[in-house]
Amino acid sequence: MDRREAIKRAALLSGYAISATALSSVWQSCQRDAGPEAEAWEPVFFSPEQGTAVAEISETILPATDTPGAKEVRVHEFVDQFAKDCLTAEEQTQLREGLQQLLADCQSETGKAFIDSSAEERLAFLNKQDADARRILEVNPMLPEEERPVFMKLKWLVLMGYFTSEKVGKEVTAFLPVPGKYEPCAPYEEGQPAWTI
């Protein structure tokens, strides 16, 4: 199983826990195609520098391959809008401060700002963050939400934004427009992509 397939499965597992409020925000923020206006995007929650970093973090997690990358489906815009509209004030503070700390850690560990790093350096840094966060959660799986590593929260938002985007829903995962036929026990064929959530 490759990295993208593992991410897809993780996103599908977490996707079923998405609230109605989150889904509403998802559908509203993911309707536009990437175009010239995407270049003029200004964050509504993050600072401009943080917004740029979120876009690059998203693309590092889900780079363009034979499927669209995170920036192409504008995941950074989703994360920004979701943080503004769906998080509590306390969660917003944790996310904003956690992102700032993540960027500061990159600067101190690598000697470069995240956005100035190469694709390989970005991936190595985020892989280290992911491994560190997983170790923390393995030691204490019942850690309260507010004490969980911010990187995992940011990664979850990136995955949710990606796998609930219209482009990915129609071009990457299997898509059945609504209304459609409900088949609770449809046969599985080898190579069948996961269904759009």
# chains A, B, ... in the order shown; residues from 1 in each chain; ligands from 1
>>> residues_around(residues="A:Leu87", least_positions_apart="3", cutoff="12 Å", atoms="only C-alpha atoms", output="PyMOL selection string")
chain A and resi 19+21-22+25+45+79-84+90-96+153+157
>>> residues_around(residues="A:Ser58", least_positions_apart="2", cutoff="7 Å", atoms="only C-alpha atoms", output="VMD selection string")
chain A and resid 54 to 56 60 to 62 70 to 71 75 to 76 158
>>> atom_distance(atom1="atom CA of A:Val150", atom2="atom CA of A:Ala64")
24.2 Å
>>> residues_around(residues="A:Glu138", least_positions_apart="6", cutoff="12 Å", atoms="only C-alpha atoms", output="list in words")
Ala131, Asp132 and Arg148 of chain A
>>> atom_distance(atom1="atom CA of A:Glu97", atom2="atom CA of A:Pro48")
14.6 Å
>>> atom_distance(atom1="atom CA of A:Ala194", atom2="atom CA of A:Lys170")
11.4 Å
>>> select_by_dssp(residues="stretch 72-117 of chain A", states="alpha helix (DSSP H)", output="PyMOL selection string")
chain A and resi 75-86+89-110
>>> closest_residue(among="A:Met160, A:Ala124, A:Ile115, A:Thr67", to="A:Thr173", atoms="only C-alpha atoms")
A:Thr67
>>> residues_around(residues="A:Glu121", least_positions_apart="2", cutoff="12 Å", atoms="only C-alpha atoms", output="number ranges by chain")
A: 57, 60, 106-107, 109-119, 123-128
>>> write_last_selection(atoms="N, CA and C atoms", output="compact mmCIF listing (two decimals), in the first residue's frame")
# COMPACT_ATOMS: atom_id res chain seq x y z
N ILE A 57 2.13 23.28 3.64
CA ILE A 57 2.02 22.09 4.49
C ILE A 57 1.03 21.12 3.86
N THR A 60 2.54 19.43 0.93
CA THR A 60 3.57 18.47 1.34
C THR A 60 2.91 17.17 1.79
N CYS A 106 10.48 24.55 12.85
CA CYS A 106 11.13 24.30 11.57
C CYS A 106 12.35 25.21 11.40
N GLN A 107 12.17 26.47 11.75
CA GLN A 107 13.25 27.45 11.62
C GLN A 107 14.43 27.06 12.52
N GLU A 109 15.12 24.04 13.87
CA GLU A 109 15.69 22.72 13.59
C GLU A 109 16.44 22.66 12.27
N THR A 110 15.95 23.40 11.27
CA THR A 110 16.55 23.30 9.94
C THR A 110 17.34 24.54 9.54
N GLY A 111 17.14 25.64 10.28
CA GLY A 111 17.81 26.89 9.92
C GLY A 111 17.13 27.62 8.78
N LYS A 112 15.95 27.12 8.36
CA LYS A 112 15.21 27.75 7.28
C LYS A 112 13.74 27.86 7.66
N ALA A 113 13.08 28.88 7.10
CA ALA A 113 11.63 28.96 7.23
C ALA A 113 11.02 27.82 6.44
N PHE A 114 9.86 27.34 6.85
CA PHE A 114 9.23 26.21 6.16
C PHE A 114 9.04 26.51 4.68
N ILE A 115 8.53 27.70 4.36
CA ILE A 115 8.25 28.01 2.95
C ILE A 115 9.52 28.20 2.13
N ASP A 116 10.66 28.40 2.78
CA ASP A 116 11.93 28.54 2.07
C ASP A 116 12.66 27.21 1.92
N SER A 117 12.11 26.16 2.52
CA SER A 117 12.75 24.84 2.47
C SER A 117 12.39 24.14 1.17
N SER A 118 13.23 23.19 0.80
CA SER A 118 12.95 22.39 -0.40
C SER A 118 11.83 21.39 -0.08
N ALA A 119 11.26 20.77 -1.11
CA ALA A 119 10.19 19.79 -0.92
C ALA A 119 10.68 18.64 -0.04
N LEU A 123 9.17 17.69 3.66
CA LEU A 123 8.64 16.34 3.94
C LEU A 123 9.35 15.72 5.14
N ALA A 124 10.66 15.85 5.20
CA ALA A 124 11.42 15.28 6.33
C ALA A 124 10.97 15.92 7.65
N PHE A 125 10.78 17.24 7.64
CA PHE A 125 10.35 17.93 8.86
C PHE A 125 8.96 17.47 9.28
N LEU A 126 8.02 17.41 8.34
CA LEU A 126 6.66 17.01 8.68
C LEU A 126 6.59 15.54 9.08
N ASN A 127 7.41 14.69 8.46
CA ASN A 127 7.45 13.28 8.88
C ASN A 127 7.92 13.16 10.32
N LYS A 128 8.88 13.99 10.71
CA LYS A 128 9.36 13.98 12.09
C LYS A 128 8.25 14.45 13.04
